[in-house]
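Undergrad: Next comes coords26.pdb, PDB, C-alpha atoms and all ligand atoms:
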MODEL        1
ATOM      1  CA  MET A1232      81.161 118.868  80.268
ATOM      2  CA  GLU A1233      84.432 118.094  78.488
ATOM      3  CA  THR A1234      85.101 114.351  78.227
ATOM      4  CA  PRO A1235      88.354 113.235  79.864
ATOM      5  CA  PHE A1236      91.392 111.749  78.161
ATOM      6  CA  LEU A1237      92.067 108.364  79.727
ATOM      7  CA  SER A1238      95.322 106.408  79.943
ATOM      8  CA  PHE A1239      95.040 102.641  80.359
ATOM      9  CA  ILE A1240      98.314 101.117  81.542
ATOM     10  CA  ILE A1241      99.192  97.429  81.457
ATOM     11  CA  PRO A1242     102.408  96.137  83.057
ATOM     12  CA  ALA A1243     103.536  93.027  81.214
ATOM     13  CA  TYR A1244     106.181  90.438  81.900
ATOM     14  CA  ASN A1245     106.309  87.537  79.447
ATOM     15  CA  GLU A1246     102.706  88.044  78.394
ATOM     16  CA  GLU A1247     102.795  87.186  74.679
ATOM     17  CA  GLN A1248     100.057  84.573  75.228
ATOM     18  CA  ARG A1249      97.681  86.231  77.699
ATOM     19  CA  LEU A1250      97.961  89.851  76.614
ATOM     20  CA  PRO A1251      96.797  89.936  72.938
ATOM     21  CA  PRO A1252      93.151  88.925  73.556
ATOM     22  CA  TYR A1253      92.920  91.297  76.515
ATOM     23  CA  LEU A1254      94.464  94.162  74.540
ATOM     24  CA  GLU A1255      91.926  93.676  71.745
ATOM     25  CA  ARG A1256      89.088  93.670  74.300
ATOM     26  CA  VAL A1257      90.402  96.786  76.042
ATOM     27  CA  ILE A1258      90.820  98.760  72.815
ATOM     28  CA  GLY A1259      87.470  97.559  71.417
ATOM     29  CA  PHE A1260      85.662  98.527  74.614
ATOM     30  CA  LEU A1261      87.317 101.911  75.138
ATOM     31  CA  ALA A1262      86.713 102.862  71.493
ATOM     32  CA  GLY A1263      82.983 102.619  72.177
ATOM     33  CA  GLU A1264      83.085 104.793  75.300
ATOM     34  CA  PRO A1265      82.543 108.574  75.305
ATOM     35  CA  TYR A1266      86.152 109.626  75.950
ATOM     36  CA  SER A1267      89.437 109.573  74.099
ATOM     37  CA  PHE A1268      92.160 107.284  75.345
ATOM     38  CA  GLU A1269      95.627 105.788  75.022
ATOM     39  CA  VAL A1270      96.707 102.287  75.994
ATOM     40  CA  ILE A1271     100.263 101.922  77.288
ATOM     41  CA  VAL A1272     101.898  98.518  77.625
ATOM     42  CA  VAL A1273     105.007  98.559  79.785
ATOM     43  CA  ASP A1274     107.113  95.589  78.773
ATOM     44  CA  ASP A1275     109.238  94.746  81.781
ATOM     45  CA  GLY A1276     112.281  93.196  80.105
ATOM     46  CA  SER A1277     110.308  90.166  78.885
ATOM     47  CA  SER A1278     112.334  87.315  77.412
ATOM     48  CA  ASP A1279     109.452  86.218  75.156
ATOM     49  CA  GLY A1280     107.860  88.068  72.236
ATOM     50  CA  THR A1281     105.711  90.497  74.286
ATOM     51  CA  ALA A1282     107.326  93.661  72.860
ATOM     52  CA  ALA A1283     107.246  92.397  69.249
ATOM     53  CA  MET A1284     103.596  91.432  69.627
ATOM     54  CA  VAL A1285     102.708  94.918  70.945
ATOM     55  CA  LYS A1286     104.672  96.576  68.107
ATOM     56  CA  ALA A1287     102.753  94.503  65.556
ATOM     57  CA  LEU A1288      99.438  95.601  67.089
ATOM     58  CA  MET A1289     100.576  99.242  67.105
ATOM     59  CA  ALA A1290     100.470  99.182  63.296
ATOM     60  CA  ARG A1291      96.685  98.667  63.554
ATOM     61  CA  HIS A1292      95.914 100.727  66.655
ATOM     62  CA  SER A1293      97.181 104.294  66.858
ATOM     63  CA  CYS A1294      96.034 104.527  70.494
ATOM     64  CA  LEU A1295      98.574 101.889  71.526
ATOM     65  CA  ARG A1296     101.997 102.791  72.990
ATOM     66  CA  LEU A1297     104.875 100.654  74.182
ATOM     67  CA  GLU A1298     107.274 101.534  76.993
ATOM     68  CA  ALA A1299     110.041  98.943  76.900
ATOM     69  CA  LEU A1300     112.301  98.466  79.918
ATOM     70  CA  PRO A1301     115.702  96.967  79.084
ATOM     71  CA  ARG A1302     115.599  94.516  82.008
ATOM     72  CA  ASN A1303     113.065  93.028  84.383
ATOM     73  CA  ARG A1304     112.428  95.513  87.208
ATOM     74  CA  GLY A1305     109.180  94.242  88.777
ATOM     75  CA  LYS A1306     105.505  95.113  88.461
ATOM     76  CA  GLY A1307     105.790  98.160  90.736
ATOM     77  CA  PHE A1308     108.512  99.712  88.603
ATOM     78  CA  ALA A1309     106.588  98.953  85.411
ATOM     79  CA  VAL A1310     103.373 100.582  86.682
ATOM     80  CA  LYS A1311     105.331 103.626  87.877
ATOM     81  CA  THR A1312     106.956 103.946  84.419
ATOM     82  CA  GLY A1313     103.578 103.797  82.684
ATOM     83  CA  MET A1314     101.907 106.227  85.082
ATOM     84  CA  ILE A1315     104.688 108.792  84.630
ATOM     85  CA  ALA A1316     104.703 108.396  80.824
ATOM     86  CA  ALA A1317     100.891 108.698  80.661
ATOM     87  CA  LYS A1318      99.171 111.857  79.452
ATOM     88  CA  GLY A1319      95.636 111.164  80.678
ATOM     89  CA  GLN A1320      93.610 113.256  83.097
ATOM     90  CA  LEU A1321      92.541 109.860  84.429
ATOM     91  CA  ARG A1322      95.016 106.955  84.595
ATOM     92  CA  VAL A1323      94.081 103.335  85.174
ATOM     93  CA  PHE A1324      96.333 100.323  85.542
ATOM     94  CA  ALA A1325      95.190  96.747  84.976
ATOM     95  CA  ASP A1326      96.747  93.268  84.899
ATOM     96  CA  ALA A1327      97.671  91.727  81.555
ATOM     97  CA  ASP A1328      95.666  88.558  82.165
ATOM     98  CA  GLY A1329      92.348  90.417  82.078
ATOM     99  CA  ALA A1330      91.327  89.004  85.472
ATOM    100  CA  THR A1331      89.178  92.103  85.917
ATOM    101  CA  PRO A1332      87.042  92.687  82.801
ATOM    102  CA  VAL A1333      87.735  96.086  81.233
ATOM    103  CA  GLU A1334      84.015  96.968  81.548
ATOM    104  CA  GLU A1335      84.595  97.317  85.295
ATOM    105  CA  ILE A1336      86.311 100.608  84.529
ATOM    106  CA  ARG A1337      82.842 102.153  84.673
ATOM    107  CA  ARG A1338      82.739 101.456  88.406
ATOM    108  CA  LEU A1339      86.097 103.210  88.891
ATOM    109  CA  LEU A1340      84.905 106.196  86.832
ATOM    110  CA  GLU A1341      81.714 106.375  88.864
ATOM    111  CA  ALA A1342      83.773 106.508  92.066
ATOM    112  CA  ASN A1343      85.875 109.277  90.503
ATOM    113  CA  GLY A1344      82.635 111.115  89.690
ATOM    114  CA  ASN A1345      81.761 110.766  93.382
ATOM    115  CA  GLY A1346      84.948 112.535  94.399
ATOM    116  CA  ALA A1347      87.660 109.842  94.463
ATOM    117  CA  ASP A1348      91.200 110.933  93.589
ATOM    118  CA  ILE A1349      91.984 107.225  93.611
ATOM    119  CA  ALA A1350      89.416 104.497  92.918
ATOM    120  CA  ILE A1351      90.482 100.936  93.640
ATOM    121  CA  GLY A1352      88.915  97.667  92.570
ATOM    122  CA  SER A1353      88.163  95.290  95.408
ATOM    123  CA  ARG A1354      87.619  91.556  95.472
ATOM    124  CA  ALA A1355      86.898  91.580  99.182
ATOM    125  CA  MET A1356      83.846  93.849  99.225
ATOM    126  CA  LYS A1357      80.744  91.844  98.588
ATOM    127  CA  SER A1358      78.155  93.201  96.211
ATOM    128  CA  GLY A1359      75.221  91.663  94.325
ATOM    129  CA  HIS A1360      76.743  92.200  90.892
ATOM    130  CA  CYS A1361      80.270  90.987  91.602
ATOM    131  CA  VAL A1362      81.706  87.530  91.181
ATOM    132  CA  VAL A1363      85.159  86.677  92.456
ATOM    133  CA  LYS A1364      86.491  83.391  91.120
ATOM    134  CA  GLY A1365      89.722  82.084  92.566
ATOM    135  CA  ARG A1366      91.365  79.011  93.960
ATOM    136  CA  LEU A1367      91.108  78.419  97.713
ATOM    137  CA  HIS A1368      94.816  78.769  98.569
ATOM    138  CA  ARG A1369      94.963  82.143  96.754
ATOM    139  CA  LYS A1370      91.924  83.308  98.709
ATOM    140  CA  ILE A1371      93.486  82.242 102.011
ATOM    141  CA  MET A1372      96.800  83.915 101.116
ATOM    142  CA  GLY A1373      94.927  87.058 100.061
ATOM    143  CA  THR A1374      93.000  87.191 103.324
ATOM    144  CA  VAL A1375      96.112  86.639 105.462
ATOM    145  CA  PHE A1376      98.195  89.150 103.507
ATOM    146  CA  ASN A1377      95.508  91.802 103.456
ATOM    147  CA  GLY A1378      94.963  91.412 107.213
ATOM    148  CA  LEU A1379      98.659  91.913 107.831
ATOM    149  CA  ILE A1380      98.852  94.911 105.532
ATOM    150  CA  ARG A1381      95.861  96.541 107.160
ATOM    151  CA  ALA A1382      97.522  96.209 110.542
ATOM    152  CA  LEU A1383     100.946  97.399 109.365
ATOM    153  CA  ALA A1384     100.352 100.023 106.726
ATOM    154  CA  VAL A1385      96.896 100.933 105.429
ATOM    155  CA  ARG A1386      94.006 100.484 107.803
ATOM    156  CA  GLY A1387      90.462 100.285 106.484
ATOM    157  CA  ILE A1388      91.209  99.070 102.948
ATOM    158  CA  HIS A1389      89.806  95.609 102.240
ATOM    159  CA  ASP A1390      91.875  94.654  99.181
ATOM    160  CA  THR A1391      95.154  96.455  98.567
ATOM    161  CA  GLN A1392      96.380  93.996  95.904
ATOM    162  CA  CYS A1393      93.701  94.079  93.209
ATOM    163  CA  GLY A1394      95.496  95.162  90.027
ATOM    164  CA  PHE A1395      92.760  97.509  88.867
ATOM    165  CA  LYS A1396      93.168 101.066  90.110
ATOM    166  CA  LEU A1397      92.379 104.561  88.844
ATOM    167  CA  PHE A1398      94.248 107.792  89.637
ATOM    168  CA  THR A1399      93.517 111.358  88.680
ATOM    169  CA  ALA A1400      96.487 112.992  86.922
ATOM    170  CA  SER A1401      97.209 115.089  89.975
ATOM    171  CA  ALA A1402      97.172 112.067  92.336
ATOM    172  CA  ALA A1403      99.387 110.116  89.904
ATOM    173  CA  GLU A1404     101.829 113.016  89.640
ATOM    174  CA  GLY A1405     101.877 113.431  93.419
ATOM    175  CA  ILE A1406     102.382 109.764  94.239
ATOM    176  CA  PHE A1407     104.271 107.848  91.523
ATOM    177  CA  PRO A1408     107.481 109.912  91.460
ATOM    178  CA  ARG A1409     107.769 109.182  95.209
ATOM    179  CA  GLN A1410     107.120 105.439  94.877
ATOM    180  CA  ARG A1411     110.169 103.325  95.781
ATOM    181  CA  ILE A1412     108.934  99.736  95.879
ATOM    182  CA  SER A1413     109.410  97.820  92.614
ATOM    183  CA  GLY A1414     107.868  94.485  93.550
ATOM    184  CA  PHE A1415     104.272  93.417  94.213
ATOM    185  CA  GLY A1416     104.240  95.379  97.510
ATOM    186  CA  PHE A1417     104.037  98.613  95.502
ATOM    187  CA  ASP A1418     100.208  98.719  95.766
ATOM    188  CA  VAL A1419     100.549  99.078  99.524
ATOM    189  CA  GLU A1420     103.058 101.909  99.153
ATOM    190  CA  LEU A1421     100.772 103.771  96.733
ATOM    191  CA  LEU A1422      97.873 103.596  99.153
ATOM    192  CA  PHE A1423     100.095 104.466 102.096
ATOM    193  CA  LEU A1424     101.381 107.584 100.291
ATOM    194  CA  ALA A1425      97.885 108.475  99.104
ATOM    195  CA  ARG A1426      96.672 108.489 102.706
ATOM    196  CA  ARG A1427      99.674 110.462 103.869
ATOM    197  CA  PHE A1428      99.176 113.087 101.142
ATOM    198  CA  GLY A1429      95.445 113.409 101.813
ATOM    199  CA  TYR A1430      94.075 111.990  98.565
ATOM    200  CA  ARG A1431      90.584 110.553  98.710
ATOM    201  CA  ILE A1432      90.466 106.789  98.104
ATOM    202  CA  ILE A1433      87.224 104.979  97.270
ATOM    203  CA  GLU A1434      87.207 101.163  97.128
ATOM    204  CA  VAL A1435      84.648  99.608  94.783
ATOM    205  CA  PRO A1436      83.659  95.954  94.314
ATOM    206  CA  VAL A1437      84.688  94.517  90.924
ATOM    207  CA  ASN A1438      84.368  91.206  89.136
ATOM    208  CA  TRP A1439      87.594  89.237  89.126
ATOM    209  CA  ALA A1440      88.541  85.753  87.918
ATOM    210  CA  ASP A1441      91.715  83.786  88.528
ATOM    211  CA  VAL A1442      92.494  82.986  84.900
ATOM    212  CA  GLY A1443      95.536  80.808  85.682
ATOM    213  CA  GLY A1444      99.152  81.132  84.607
ATOM    214  CA  THR A1445     100.012  83.439  87.516
ATOM    215  CA  LYS A1446     103.551  84.842  87.673
ATOM    216  CA  VAL A1447     103.270  85.260  91.443
ATOM    217  CA  ARG A1448     105.369  82.678  93.338
ATOM    218  CA  LEU A1449     103.513  82.069  96.560
ATOM    219  CA  VAL A1450     106.351  81.667  99.076
ATOM    220  CA  ARG A1451     109.031  83.844  97.431
ATOM    221  CA  ASP A1452     106.679  86.738  96.652
ATOM    222  CA  SER A1453     104.874  86.610 100.007
ATOM    223  CA  PHE A1454     108.163  87.044 101.874
ATOM    224  CA  ARG A1455     109.242  89.747  99.456
ATOM    225  CA  MET A1456     105.942  91.606  99.918
ATOM    226  CA  LEU A1457     106.239  91.401 103.680
ATOM    227  CA  SER A1458     109.757  92.842 103.564
ATOM    228  CA  GLU A1459     108.501  95.598 101.244
ATOM    229  CA  VAL A1460     105.727  96.519 103.675
ATOM    230  CA  LEU A1461     108.230  96.700 106.531
ATOM    231  CA  ARG A1462     110.426  98.890 104.309
ATOM    232  CA  ILE A1463     107.513 101.307 103.805
ATOM    233  CA  ARG A1464     107.119 101.611 107.587
ATOM    234  CA  PHE A1465     110.836 102.091 108.064
ATOM    235  CA  THR A1466     111.198 104.670 105.255
ATOM    236  CA  ASN A1467     108.329 106.629 106.737
ATOM    237  CA  LEU A1468     109.700 106.439 110.278
ATOM    238  CA  THR A1469     113.113 107.690 109.187
ATOM    239  CA  GLY A1470     111.600 110.563 107.166
ATOM    240  CA  GLY A1471     112.645 109.001 103.859
ATOM    241  CA  TYR A1472     109.561 109.993 101.892
ATOM    242  CA  GLU A1473     109.706 113.455 100.370
ATOM    243  CA  THR A1474     107.399 116.179 101.587
ATOM    244  CA  PRO A1475     103.843 115.521 100.445
ATOM    245  CA  PRO A1476     102.559 117.615  97.559
ATOM    246  CA  ARG A1477      99.643 119.916  98.398
ATOM    247  CA  ARG A1478      96.353 118.287  97.430
ATOM    248  CA  PRO A1479      94.664 120.611  94.919
TER     249      PRO A1479
HETATM  250  N1  LIG B1501     106.241  94.485  85.067
HETATM  251  C1  LIG B1501     106.121  93.297  85.628
HETATM  252  N2  LIG B1501     104.925  92.798  85.678
HETATM  253  C2  LIG B1501     104.804  91.608  86.211
HETATM  254  C3  LIG B1501     105.871  90.863  86.728
HETATM  255  N3  LIG B1501     105.379  89.716  87.169
HETATM  256  C4  LIG B1501     104.048  89.795  86.919
HETATM  257  N4  LIG B1501     103.741  90.913  86.331
HETATM  258  C5  LIG B1501     102.471  91.431  85.839
HETATM  259  O1  LIG B1501     101.634  91.587  86.962
HETATM  260  C6  LIG B1501     100.301  91.306  86.579
HETATM  261  C7  LIG B1501      99.719  90.288  87.534
HETATM  262  O2  LIG B1501     100.438  89.100  87.405
HETATM  263  P1  LIG B1501      99.708  87.701  87.256
HETATM  264  O3  LIG B1501     100.698  86.725  86.761
HETATM  265  O4  LIG B1501      98.444  87.878  86.467
HETATM  266  O5  LIG B1501      99.422  87.318  88.751
HETATM  267  P2  LIG B1501      98.087  87.258  89.640
HETATM  268  O6  LIG B1501      98.252  86.045  90.483
HETATM  269  O7  LIG B1501      96.826  87.394  88.890
HETATM  270  O8  LIG B1501      98.317  88.562  90.519
HETATM  271  C8  LIG B1501      97.558  88.909  91.641
HETATM  272  O9  LIG B1501      98.448  89.141  92.751
HETATM  273  C9  LIG B1501      99.431  90.170  92.501
HETATM  274  C10 LIG B1501     100.318  90.300  93.744
HETATM  275  O10 LIG B1501      99.582  90.704  94.862
HETATM  276  C11 LIG B1501      98.740  91.481  92.164
HETATM  277  O11 LIG B1501      99.717  92.462  91.837
HETATM  278  C12 LIG B1501      97.786  91.284  90.980
HETATM  279  O12 LIG B1501      97.091  92.486  90.695
HETATM  280  C13 LIG B1501      96.797  90.169  91.285
HETATM  281  O13 LIG B1501      95.988  90.521  92.343
HETATM  282  C14 LIG B1501     100.354  90.870  85.113
HETATM  283  O14 LIG B1501     100.029  91.997  84.334
HETATM  284  C15 LIG B1501     101.804  90.454  84.921
HETATM  285  O15 LIG B1501     102.279  90.591  83.608
HETATM  286  C16 LIG B1501     107.168  91.437  86.672
HETATM  287  O16 LIG B1501     108.181  90.891  87.078
HETATM  288  N5  LIG B1501     107.215  92.663  86.095
ENDMDL
END
Is it possible to express this structure as structure tokens?

TA:
Amino acid sequence: METPFLSFIIPAYNEEQRLPPYLERVIGFLAGEPYSFEVIVVDDGSSDGTAAMVKALMARHSCLRLEALPRNRGKGFAVKTGMIAAKGQLRVFADADGATPVEEIRRLLEANGNGADIAIGSRAMKSGHCVVKGRLHRKIMGTVFNGLIRALAVRGIHDTQCGFKLFTASAAEGIFPRQRISGFGFDVELLFLARRFGYRIIEVPVNWADVGGTKVRLVRDSFRMLSEVLRIRFTNLTGGYETPPRRP
């Protein structure tokens, strides 16, 4: 069987400290795997040296690409940019802090092998091999937010917000051009559209660690996410989403 070409996309906002070690780990790991790959960093108008740092690493790693946005647009917009620029038959996005070890990609690929158009990492599904390390208030927030999301937008998914998701090229091309939410609520919109378009989603347990230095502001971003979820409902109700593509 032909080995797939894989795109690994990292949205980054002011990540000059946390991103370099993760990038090295990602490239080192993928280089040892049996497929070819590209790594795309989408710099979301950072005010620190994120873009310069990526450019310096590009001199050593030909697999590395930079998509630089002129101003800060939000994680959702950055992921959409990377997914549309990507060339891979399989496209993964992951957080810059390396909260989910890159090795966990094997679990996403296994789910894809089992028929998933979209494989999503989950911190909520318990499994013998998975460790989820996080502070209590983040866990409580996560549980409350996920409960609300399940009721409002995507029933049956345990963890919509884990920043470790895989799409086949055809799912990415069907969903991302139709994505409208630029903030952290974008994960919910992706899954909502995926359901609506008939793509098969498989949720898999992954290791995850709260490595600190989060850019998420608890109160501000929670309210913003809630308003984004309500916007998804409203856009759908008023027929705002384009006609679904036909699932191949
Ligand atoms: N492009 C872009 N990316 C951003 C922004 N703010 C944060 N990010 C990126 O989003 C990722 C996650 O941000 P963290 O700072 O690591 O926050 P976290 O607390 O670990 O995030 C958790 O909650 C988020 C919101 O639900 C999730 O999106 C994320 O996957 C994770 O579960 C990182 O790659 C970070 O660079 C922004 O304004 N723009």

Undergrad: Which residue, A:Leu1397, A:Leu1424, A:Met1284, A:Met1289, has the smallest gap to Ile1258 in chain A when you use only C-alpha atoms?

TA: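 Using only C-alpha atoms, the shortest distance to Ile1258 in chain A belongs to A:Met1289.
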
Undergrad: Identify, counting only C-alpha atoms and all ligand atoms, the protein, DNA and RNA residues located within 8 Å of ligand LIG 1501 (chain B), and give them as a count of residues only.

TA: 41

Undergrad: Which of these residues is nearest to Gly1352 in chain A, using all atoms listed in the file: A:Ile1388, A:Ile1380, A:Ile1412, A:Cys1294?

TA: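 For Gly1352 in chain A, the nearest of the candidates is A:Ile1388.
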
Undergrad: Extract, using all atoms listed in the file, all DNA, RNA and protein residues at most 7 Å from range 1472-1474 of chain A, discarding same-chain residues fewer than 3 positions from it, and format them as a PyMOL selection string.

TA: chain A and resi 1409+1466-1467

Undergrad: Using CA of Arg1302 in chain A and CA of Leu1321 in chain A as the two end points, give the distance in Å to one decimal.

TA: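 Calculated distance between CA of Arg1302 in chain A and CA of Leu1321 in chain A is 27.8 Å.
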
Undergrad: Taking the block just given, write range 1414-1441 of chain A to a file that holds N, CA and C atoms, as a tab-separated table (two decimals), in the first residue's frame.

TA:
chain	number	residue	atom	x	y	z
A	1414	GLY	N	-12.42	31.98	16.78
A	1414	GLY	CA	-11.92	31.83	18.14
A	1414	GLY	C	-11.84	30.36	18.56
A	1415	PHE	N	-11.75	30.12	19.87
A	1415	PHE	CA	-11.58	28.76	20.38
A	1415	PHE	C	-12.81	27.88	20.16
A	1416	GLY	N	-13.96	28.49	19.85
A	1416	GLY	CA	-15.18	27.71	19.58
A	1416	GLY	C	-15.14	27.00	18.23
A	1417	PHE	N	-14.08	27.21	17.47
A	1417	PHE	CA	-14.03	26.63	16.11
A	1417	PHE	C	-14.08	25.11	16.12
A	1418	ASP	N	-13.52	24.47	17.17
A	1418	ASP	CA	-13.54	22.99	17.23
A	1418	ASP	C	-14.97	22.48	17.17
A	1419	VAL	N	-15.86	23.20	17.87
A	1419	VAL	CA	-17.27	22.78	17.92
A	1419	VAL	C	-17.88	22.91	16.52
A	1420	GLU	N	-17.55	24.01	15.84
A	1420	GLU	CA	-18.10	24.21	14.49
A	1420	GLU	C	-17.63	23.11	13.54
A	1421	LEU	N	-16.34	22.75	13.64
A	1421	LEU	CA	-15.81	21.69	12.77
A	1421	LEU	C	-16.59	20.40	12.94
A	1422	LEU	N	-16.81	20.05	14.22
A	1422	LEU	CA	-17.49	18.79	14.50
A	1422	LEU	C	-18.96	18.86	14.11
A	1423	PHE	N	-19.55	20.02	14.32
A	1423	PHE	CA	-20.94	20.25	13.92
A	1423	PHE	C	-21.08	20.08	12.40
A	1424	LEU	N	-20.18	20.71	11.65
A	1424	LEU	CA	-20.24	20.58	10.18
A	1424	LEU	C	-19.95	19.16	9.73
A	1425	ALA	N	-19.00	18.53	10.42
A	1425	ALA	CA	-18.64	17.14	10.05
A	1425	ALA	C	-19.86	16.24	10.17
A	1426	ARG	N	-20.60	16.40	11.26
A	1426	ARG	CA	-21.82	15.62	11.47
A	1426	ARG	C	-22.84	15.91	10.37
A	1427	ARG	N	-23.00	17.19	10.10
A	1427	ARG	CA	-24.01	17.63	9.13
A	1427	ARG	C	-23.68	17.08	7.74
A	1428	PHE	N	-22.38	17.00	7.42
A	1428	PHE	CA	-21.96	16.56	6.09
A	1428	PHE	C	-21.80	15.04	6.01
A	1429	GLY	N	-21.98	14.36	7.13
A	1429	GLY	CA	-21.94	12.89	7.10
A	1429	GLY	C	-20.55	12.28	7.19
A	1430	TYR	N	-19.57	13.04	7.66
A	1430	TYR	CA	-18.24	12.45	7.83
A	1430	TYR	C	-18.22	11.59	9.10
A	1431	ARG	N	-17.39	10.56	9.06
A	1431	ARG	CA	-17.33	9.66	10.22
A	1431	ARG	C	-16.27	10.15	11.21
A	1432	ILE	N	-16.72	10.40	12.44
A	1432	ILE	CA	-15.81	10.89	13.49
A	1432	ILE	C	-15.53	9.75	14.47
A	1433	ILE	N	-14.26	9.52	14.77
A	1433	ILE	CA	-13.93	8.57	15.85
A	1433	ILE	C	-13.11	9.32	16.90
A	1434	GLU	N	-13.54	9.20	18.16
A	1434	GLU	CA	-12.86	9.87	19.27
A	1434	GLU	C	-11.94	8.85	19.95
A	1435	VAL	N	-10.68	9.22	20.15
A	1435	VAL	CA	-9.75	8.26	20.75
A	1435	VAL	C	-9.06	8.88	21.98
A	1436	PRO	N	-8.89	8.09	23.04
A	1436	PRO	CA	-8.21	8.63	24.22
A	1436	PRO	C	-6.75	8.95	23.91
A	1437	VAL	N	-6.27	10.10	24.39
A	1437	VAL	CA	-4.84	10.44	24.22
A	1437	VAL	C	-4.27	10.96	25.54
A	1438	ASN	N	-2.97	10.84	25.65
A	1438	ASN	CA	-2.27	11.46	26.79
A	1438	ASN	C	-2.29	12.96	26.61
A	1439	TRP	N	-2.39	13.68	27.69
A	1439	TRP	CA	-2.42	15.15	27.61
A	1439	TRP	C	-1.91	15.70	28.94
A	1440	ALA	N	-1.09	16.73	28.89
A	1440	ALA	CA	-0.61	17.35	30.14
A	1440	ALA	C	-0.73	18.85	30.05
A	1441	ASP	N	-1.27	19.45	31.08
A	1441	ASP	CA	-1.33	20.92	31.16
A	1441	ASP	C	0.10	21.40	31.44
